[in-house]
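Chemist: So that we are looking at the same thing, I have put the structure below in structure tokens.
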Amino acid sequence: MALSTAELTLVEQRVTNDGPNIAVAYLLWLFLWFVSGHRFYLGRPVSAICQILSYFILIGFVWLLVDAVLIPGMIREKQDEIRHGMMRALVRA
């Protein structure tokens, strides 16, 4: 069953409203890097804890810089999760 244009618009509005914001993610990355705030915000608590622990062996600082490039992809992934969840809910209804 295909979704109507109105339902697809509703899904995209929900993704925009409920999904993570790239500006917030980068601000957390910049100011709360030492507690991996951006990873917790993006729903990745296990990797956030691993990153915090890796600061003690200096690899965490390299990982932190790599995250600057990875944040947009993590946001798209989170938005896709929300989008697919909404679409499944609408198809079932």
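The way I read the labels, and the way they are meant: chains A, B, ... in the order of the structure tokens, residue 1 as the first residue of every chain, and ligand 1 as the first ligand shown, with later ones counted on from there.
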Compile the contact shell of A:Ala2 as a PyMOL selection string: residues with an atom at most 10 Å away, counting only C-alpha atoms, same-chain residues fewer than 3 positions apart removed.
Modeler: chain A and resi 5+7-8+87+90-91
Chemist: Could you pull the residues within 8 Å of A:Gly19, counting only C-alpha atoms, minus those fewer than 2 positions along the same chain, as a list of chain:residue names?
Modeler: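 Final neighbour list, sorted by chain and number: A:Arg14, A:Val15, A:Thr16, A:Asn17, A:Asn21, A:Ile75, A:Lys78, A:Gln79, A:Ile82.
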Chemist: Set the distance at 10 Å and use only C-alpha atoms: which residues neighbour A:Ala48 once local chain neighbours fewer than 6 positions away are removed? I'd like the list as a ChimeraX atom specification.
Modeler: /A:33-42,54
Chemist: Could those selected residues go to a file with C-alpha atoms, as a CSV table (one decimal), in the first residue's frame?
Modeler:
```csv
chain,number,residue,atom,x,y,z
A,33,TRP,CA,33.7,16.7,23.3
A,34,PHE,CA,35.2,15.4,26.6
A,35,VAL,CA,32.0,13.6,27.4
A,36,SER,CA,31.1,12.8,23.8
A,37,GLY,CA,27.9,14.8,24.0
A,38,HIS,CA,27.3,14.6,20.3
A,39,ARG,CA,27.3,10.8,20.3
A,40,PHE,CA,24.8,10.6,23.2
A,41,TYR,CA,22.6,13.2,21.4
A,42,LEU,CA,22.7,11.1,18.2
A,54,SER,CA,39.7,5.9,24.6
```
Chemist: Using DSSP assignments from the backbone, pull out every residue in chain A that falls under alpha helix (DSSP H) and give it to me as a PyMOL selection string.
Modeler: chain A and resi 5-18+22-31+37-41+45-54+59-92
Chemist: Which residue, A:Leu30, A:Val46, A:Val11, A:Leu3, has the smallest gap to A:Leu65 when you use only C-alpha atoms?
Modeler: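 With only C-alpha atoms as the atom set, the closest residue is A:Leu30.
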Chemist: Just give me the gap between atom CA of A:Val24 and atom CA of A:Arg83 in Å, one decimal is fine.
Modeler: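 Here the two named atoms are 19.9 Å from each other.
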Chemist: To one decimal place in Å, what is the distance between atom CA of A:Leu32 and atom CA of A:Glu77?
Modeler: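 So the two atoms, atom CA of A:Leu32 and atom CA of A:Glu77, lie 21.7 Å apart.
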Chemist: Calculated over only C-alpha atoms, which of the candidates A:Ala23, A:Leu64, A:Met74, A:Ile57 has the smallest distance to A:Gly43?
Modeler: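 Of all the options, A:Met74 lies closest to A:Gly43.
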Chemist: Work out how far apart atom CA of A:Ser47 and atom CA of A:Trp63 are and give it in Å to one decimal.
Modeler: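 Going from atom CA of A:Ser47 over to atom CA of A:Trp63, I get 10.5 Å.
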